Amino acid sequence: MKILSKITALAIVLLILTSAGSARQKPRNLVLFIGDGMGVSHVYAAMTVSGNTMTFPAFPVTGFSRTHSADSYSTDSAAGGTAIATGEKTNNRMIAMRPDSTVLVTLLEHAKAAGKSAGIICNSSLTDATPADFATHVPLRYKYRAIAKQYMNGTADIFIGGGRKYFVPAPDSSGKINPEEDVISGLSRAGYDVTYDFESFIASKSNRIAGLMADDDMPRLFEGRDPQYLARATAKAIEVLSRNPRGFVLMVEGSEIDDAGHSRSTSMVTEEVLDMDRAVAVAHNYALRDGRTLIVVTADHETGGMSITGGDLEKREVRAEFSFTGHSGVMVPVFAFGPGASEFTGIQDNTDLFHDMYRLLSLDKKRR
Ligand SMILES: [Zn+2]
């Protein structure tokens with residue numbers, strides 16, 4: 001009896017301690033990583049090749065996200081990213097709009113309205129679906145010029161990636177340039193330091209920086225992309241965005257994991273996943289110091305129907321096969337670290353990821 005009551009008392013104390021703890025579990029900042037096309041096999045292949053030294057697979061919280069879109073069992077990046085960015089399902093090929101083309105407010109737009117800063121980093125093109133989902137609204141993902149123009153609205157204080165050709169004005173058939181098409185000048189007028197090479201981006205002292213690193217898509221790693229690009233861009237973005245005492249939301253895309261799946265290349269899958277993990281490690285180091293930063297790592301969908309058919313842990317080798325070259329309908333993994341991370345356990349819909357992040361960051365409390 002005495003022992004029982006002691007256990008009860010201890011249980012009550014523990015309950016009070018944990019509830020007090022969870023009351024503090026509110027992040028100020030969020031770094032969201034989207035490994036485009038990154039399924040469980042992609043992650044495990046990278047873990048094997050790295051000798052299990054990766055950062056995000058060691059996060060304390062893991063879960064799964066269901067990825068179907070409003071009109072398809074297998075989503076594309078446009079609808080998959082829209083679900084994570086806005087909390088609503090839409091049709092494939094639509095960017096942050098409902099199927100009826102009404103505009104959805106994105107996580108980054110909510111963050112800005114709440115007085116936070118916001119950033120976007122990718123290693124393909126800024127006009128691609130995933131980065132576009134967080135800051136722009138178009139009914140069709142291929143409207144690259146319309147997407148580029150909308151970066152002028154200032155949702156992302158800092159952004160970097162490829163796609164420069166959609167930001168520079170194109171002369172019409174008579175050779176005239178419509179000033180409205182000149183996104184670069186528009187960005188400069190809006191206070192952005194527009195940079196065209198990585199060292200200028202890193203060296204910029206501005207609070208608003210645009211990094212246009214390639215005319216079209218940035219090169220894949222095997223084509224010579226700087227293996228420190230994503231990690232250094234993430235460090236720079238955190239340095240700039242963390243100047244805001246109200247906090248920030250940063251979306252980092254590991255864009256070419258998807259392309260690796262489409263190309264059925266196991267080596268490309270592992271090197272692109274490990275590339276994103278280097279950027280996660282930068283955010284993780286910051287989060288460990290800061291204590292108020294939530295990190296969520298997930299994917300918009302799986303690409304290639306990748307399955308691991310064999311391997312060798314000692315030799316750090318992996319063999320994989322791809323069932324096709326498209327996007328599969330399988331659930332994708334979710335990894336979380338930091339205050340509020342426990343919300344990301346279990347099987348969730350991709351739209352729930354938005355609602356968790358929105359609630360944890362108190363984005364309903366708009367700045368007056
Ligand atoms: Zn794809």
# chains A, B, ... in the order shown; residues from 1 in each chain; ligands from 1
call {"tool": "closest_atom_pairs", "arguments": {"of": "chain A", "to": "ligand 1", "cutoff": "9 Å", "atoms": "only C-alpha atoms and all ligand atoms", "output": "CSV"}}
result
residue,atom,partner,partner_atom_place_in_ligand_line,distance
A:Asp36,CA,ligand 1,1 (Zn),7.3
A:Gly37,CA,ligand 1,1 (Zn),6.3
A:Asp76,CA,ligand 1,1 (Zn),6.4
A:Ser77,CA,ligand 1,1 (Zn),6.5
A:Glu256,CA,ligand 1,1 (Zn),8.9
A:Ile257,CA,ligand 1,1 (Zn),8.8
A:Asp258,CA,ligand 1,1 (Zn),5.0
A:Asp259,CA,ligand 1,1 (Zn),6.3
A:Gly261,CA,ligand 1,1 (Zn),7.8
A:His262,CA,ligand 1,1 (Zn),6.6
A:His301,CA,ligand 1,1 (Zn),8.3
A:Glu302,CA,ligand 1,1 (Zn),8.4
A:Thr303,CA,ligand 1,1 (Zn),6.2
A:Gly304,CA,ligand 1,1 (Zn),8.7
A:Thr325,CA,ligand 1,1 (Zn),8.8
A:Gly326,CA,ligand 1,1 (Zn),6.7
A:His327,CA,ligand 1,1 (Zn),6.2
call {"tool": "residues_around", "arguments": {"residues": "stretch 231-239 of chain A", "least_positions_apart": "4", "cutoff": "8 Å", "atoms": "only C-alpha atoms", "output": "VMD selection string"}}
result
chain A and resid 119 121 158 160 202 243 250 252 275 to 276 278 to 283
call {"tool": "closest_residue", "arguments": {"among": "A:Ala113, A:Val273, A:Leu108, A:Met331", "to": "A:Ala135", "atoms": "only C-alpha atoms"}}
result
A:Leu108
call {"tool": "select_by_dssp", "arguments": {"residues": "stretch 64-300 of chain A", "states": "strand (DSSP E or B)", "output": "NGL selection string"}}
result
:A and (64-66 or 95 or 97 or 103 or 117-125 or 138 or 158-162 or 193-195 or 209-214 or 248-254 or 293-298)
call {"tool": "atom_distance", "arguments": {"atom1": "atom CA of A:Pro57", "atom2": "atom CA of A:Phe354"}}
result
21.0 Å
call {"tool": "closest_residue", "arguments": {"among": "A:Gly191, A:Gly305, A:Gly329, A:Pro227", "to": "A:Asp277", "atoms": "only C-alpha atoms"}}
result
A:Pro227
call {"tool": "closest_residue", "arguments": {"among": "A:Leu274, A:Leu104, A:Ala114, A:Val249", "to": "A:Lys89", "atoms": "only C-alpha atoms"}}
result
A:Leu104
call {"tool": "closest_residue", "arguments": {"among": "A:Glu343, A:Phe59, A:Ile209, A:Ser41", "to": "A:Arg359", "atoms": "only C-alpha atoms"}}
result
A:Glu343
call {"tool": "closest_residue", "arguments": {"among": "A:Val332, A:Ile347, A:Val103, A:Leu30", "to": "A:Leu363", "atoms": "only C-alpha atoms"}}
result
A:Leu30
call {"tool": "select_by_dssp", "arguments": {"residues": "stretch 198-275 of chain A", "states": "helix (DSSP H, G or I)", "output": "ChimeraX atom specification"}}
result
/A:198-203,221-223,229-241,256-262,266-275
call {"tool": "write_last_selection", "arguments": {"atoms": "C-alpha atoms", "output": "PDB file, in the first residue's frame"}}
result
ATOM      1  CA  PHE A 198      27.545  31.805 -54.702  1.00  0.00           C
ATOM      2  CA  GLU A 199      30.360  33.740 -53.020  1.00  0.00           C
ATOM      3  CA  SER A 200      28.503  37.047 -53.571  1.00  0.00           C
ATOM      4  CA  PHE A 201      25.401  35.470 -52.046  1.00  0.00           C
ATOM      5  CA  ILE A 202      27.396  34.285 -49.025  1.00  0.00           C
ATOM      6  CA  ALA A 203      29.151  37.665 -48.649  1.00  0.00           C
ATOM      7  CA  LEU A 221      26.092  16.742 -57.996  1.00  0.00           C
ATOM      8  CA  PHE A 222      27.506  14.381 -60.629  1.00  0.00           C
ATOM      9  CA  GLU A 223      27.478  17.310 -63.076  1.00  0.00           C
ATOM     10  CA  TYR A 229      26.296  24.514 -51.745  1.00  0.00           C
ATOM     11  CA  LEU A 230      23.148  23.323 -49.961  1.00  0.00           C
ATOM     12  CA  ALA A 231      24.781  23.216 -46.522  1.00  0.00           C
ATOM     13  CA  ARG A 232      26.404  26.662 -46.898  1.00  0.00           C
ATOM     14  CA  ALA A 233      23.232  28.189 -48.331  1.00  0.00           C
ATOM     15  CA  THR A 234      21.323  26.792 -45.342  1.00  0.00           C
ATOM     16  CA  ALA A 235      23.889  28.259 -42.914  1.00  0.00           C
ATOM     17  CA  LYS A 236      23.693  31.642 -44.665  1.00  0.00           C
ATOM     18  CA  ALA A 237      19.898  31.665 -44.669  1.00  0.00           C
ATOM     19  CA  ILE A 238      19.769  30.806 -40.962  1.00  0.00           C
ATOM     20  CA  GLU A 239      22.326  33.562 -40.239  1.00  0.00           C
ATOM     21  CA  VAL A 240      20.220  36.149 -42.089  1.00  0.00           C
ATOM     22  CA  LEU A 241      16.758  34.993 -40.984  1.00  0.00           C
ATOM     23  CA  GLU A 256      17.474  16.320 -57.335  1.00  0.00           C
ATOM     24  CA  ILE A 257      16.599  13.233 -55.282  1.00  0.00           C
ATOM     25  CA  ASP A 258      13.490  13.156 -57.478  1.00  0.00           C
ATOM     26  CA  ASP A 259      15.567  13.331 -60.629  1.00  0.00           C
ATOM     27  CA  ALA A 260      17.715  10.462 -59.337  1.00  0.00           C
ATOM     28  CA  GLY A 261      14.588   8.341 -58.965  1.00  0.00           C
ATOM     29  CA  HIS A 262      13.332   9.312 -62.411  1.00  0.00           C
ATOM     30  CA  THR A 266      21.061   4.373 -57.110  1.00  0.00           C
ATOM     31  CA  SER A 267      24.374   6.259 -56.839  1.00  0.00           C
ATOM     32  CA  MET A 268      22.647   9.536 -57.686  1.00  0.00           C
ATOM     33  CA  VAL A 269      19.927   8.803 -55.116  1.00  0.00           C
ATOM     34  CA  THR A 270      22.460   8.240 -52.343  1.00  0.00           C
ATOM     35  CA  GLU A 271      24.641  11.240 -53.157  1.00  0.00           C
ATOM     36  CA  GLU A 272      21.657  13.611 -53.441  1.00  0.00           C
ATOM     37  CA  VAL A 273      20.137  12.343 -50.155  1.00  0.00           C
ATOM     38  CA  LEU A 274      23.528  12.725 -48.432  1.00  0.00           C
ATOM     39  CA  ASP A 275      23.772  16.224 -49.917  1.00  0.00           C
TER      40      ASP A 275
END
call {"tool": "residues_around", "arguments": {"residues": "A:Ser50", "least_positions_apart": "4", "cutoff": "8 Å", "atoms": "only C-alpha atoms", "output": "PyMOL selection string"}}
result
chain A and resi 46+54+274+316
call {"tool": "closest_residue", "arguments": {"among": "A:Phe248, A:Tyr286, A:Phe64, A:Tyr192", "to": "A:Phe344", "atoms": "only C-alpha atoms"}}
result
A:Phe64
call {"tool": "atom_distance", "arguments": {"atom1": "atom CA of A:Ser124", "atom2": "atom CA of A:Gly161"}}
result
6.1 Å
call {"tool": "residues_around", "arguments": {"residues": "A:His110", "least_positions_apart": "6", "cutoff": "12 Å", "atoms": "only C-alpha atoms", "output": "NGL selection string"}}
result
:A and (85-87 or 104 or 116-118 or 134-135 or 155-156 or 248-249 or 354-355 or 357-359 or 361-367)
call {"tool": "closest_atom_pairs", "arguments": {"of": "stretch 183-249 of chain A", "to": "stretch 162-169 of chain A", "cutoff": "10 Å", "atoms": "only C-alpha atoms", "output": "JSON lines"}}
result
{"residue": "A:Val183", "atom": "CA", "partner": "A:Phe167", "partner_atom": "CA", "distance": 5.0}
{"residue": "A:Ile184", "atom": "CA", "partner": "A:Phe167", "partner_atom": "CA", "distance": 5.9}
{"residue": "A:Ser185", "atom": "CA", "partner": "A:Val168", "partner_atom": "CA", "distance": 8.7}
{"residue": "A:Gly186", "atom": "CA", "partner": "A:Phe167", "partner_atom": "CA", "distance": 9.6}
{"residue": "A:Leu187", "atom": "CA", "partner": "A:Phe167", "partner_atom": "CA", "distance": 9.4}
{"residue": "A:Tyr196", "atom": "CA", "partner": "A:Arg164", "partner_atom": "CA", "distance": 8.5}
{"residue": "A:Gly211", "atom": "CA", "partner": "A:Gly162", "partner_atom": "CA", "distance": 8.0}
{"residue": "A:Leu212", "atom": "CA", "partner": "A:Arg164", "partner_atom": "CA", "distance": 5.3}
{"residue": "A:Met213", "atom": "CA", "partner": "A:Gly162", "partner_atom": "CA", "distance": 5.0}
{"residue": "A:Ala214", "atom": "CA", "partner": "A:Gly162", "partner_atom": "CA", "distance": 4.4}
{"residue": "A:Asp215", "atom": "CA", "partner": "A:Arg164", "partner_atom": "CA", "distance": 4.5}
{"residue": "A:Asp216", "atom": "CA", "partner": "A:Gly163", "partner_atom": "CA", "distance": 4.3}
{"residue": "A:Asp217", "atom": "CA", "partner": "A:Gly162", "partner_atom": "CA", "distance": 5.0}
{"residue": "A:Met218", "atom": "CA", "partner": "A:Gly162", "partner_atom": "CA", "distance": 5.1}
{"residue": "A:Pro219", "atom": "CA", "partner": "A:Gly162", "partner_atom": "CA", "distance": 8.9}
call {"tool": "write_last_selection", "arguments": {"atoms": "N, CA, C and O atoms", "output": "tab-separated table (two decimals), in the first residue's frame"}}
result
chain	number	residue	atom	x	y	z
A	183	VAL	N	11.95	41.08	-63.67
A	183	VAL	CA	11.85	40.68	-62.26
A	183	VAL	C	13.08	41.12	-61.47
A	183	VAL	O	12.99	41.51	-60.31
A	184	ILE	N	14.24	41.08	-62.14
A	184	ILE	CA	15.49	41.47	-61.47
A	184	ILE	C	15.40	42.90	-60.94
A	184	ILE	O	15.69	43.15	-59.76
A	185	SER	N	14.96	43.85	-61.81
A	185	SER	CA	14.82	45.24	-61.38
A	185	SER	C	13.77	45.35	-60.28
A	185	SER	O	13.94	46.12	-59.32
A	186	GLY	N	12.70	44.58	-60.42
A	186	GLY	CA	11.64	44.58	-59.41
A	186	GLY	C	12.16	44.12	-58.06
A	186	GLY	O	11.84	44.70	-57.02
A	187	LEU	N	13.00	43.11	-58.08
A	187	LEU	CA	13.58	42.61	-56.84
A	187	LEU	C	14.50	43.67	-56.22
A	187	LEU	O	14.48	43.89	-55.00
A	196	TYR	N	24.48	36.66	-58.35
A	196	TYR	CA	24.53	35.68	-59.46
A	196	TYR	C	25.61	34.62	-59.27
A	196	TYR	O	25.75	33.74	-60.08
A	211	GLY	N	19.38	34.80	-54.72
A	211	GLY	CA	20.52	34.11	-55.32
A	211	GLY	C	20.07	33.37	-56.56
A	211	GLY	O	19.32	32.40	-56.46
A	212	LEU	N	20.51	33.86	-57.71
A	212	LEU	CA	20.13	33.22	-58.98
A	212	LEU	C	21.38	32.54	-59.53
A	212	LEU	O	22.20	33.15	-60.20
A	213	MET	N	21.52	31.27	-59.21
A	213	MET	CA	22.80	30.57	-59.36
A	213	MET	C	23.00	29.89	-60.71
A	213	MET	O	24.09	29.45	-61.01
A	214	ALA	N	21.94	29.76	-61.49
A	214	ALA	CA	22.08	29.10	-62.80
A	214	ALA	C	21.01	29.61	-63.73
A	214	ALA	O	19.94	30.03	-63.27
A	215	ASP	N	21.32	29.60	-65.01
A	215	ASP	CA	20.37	30.10	-65.99
A	215	ASP	C	19.08	29.26	-65.95
A	215	ASP	O	17.99	29.79	-65.99
A	216	ASP	N	19.27	27.96	-65.87
A	216	ASP	CA	18.14	27.03	-65.81
A	216	ASP	C	18.26	26.26	-64.50
A	216	ASP	O	18.58	26.84	-63.48
A	217	ASP	N	18.06	24.94	-64.53
A	217	ASP	CA	18.29	24.12	-63.32
A	217	ASP	C	19.75	24.21	-62.90
A	217	ASP	O	20.63	24.29	-63.74
A	218	MET	N	20.01	24.13	-61.61
A	218	MET	CA	21.39	24.01	-61.15
A	218	MET	C	21.89	22.62	-61.55
A	218	MET	O	21.10	21.70	-61.73
A	219	PRO	N	23.21	22.46	-61.70
A	219	PRO	CA	23.72	21.13	-62.05
A	219	PRO	C	23.47	20.12	-60.93
A	219	PRO	O	23.36	20.49	-59.77
call {"tool": "atom_distance", "arguments": {"atom1": "atom CA of A:Ile34", "atom2": "atom CA of A:Thr298"}}
result
5.1 Å
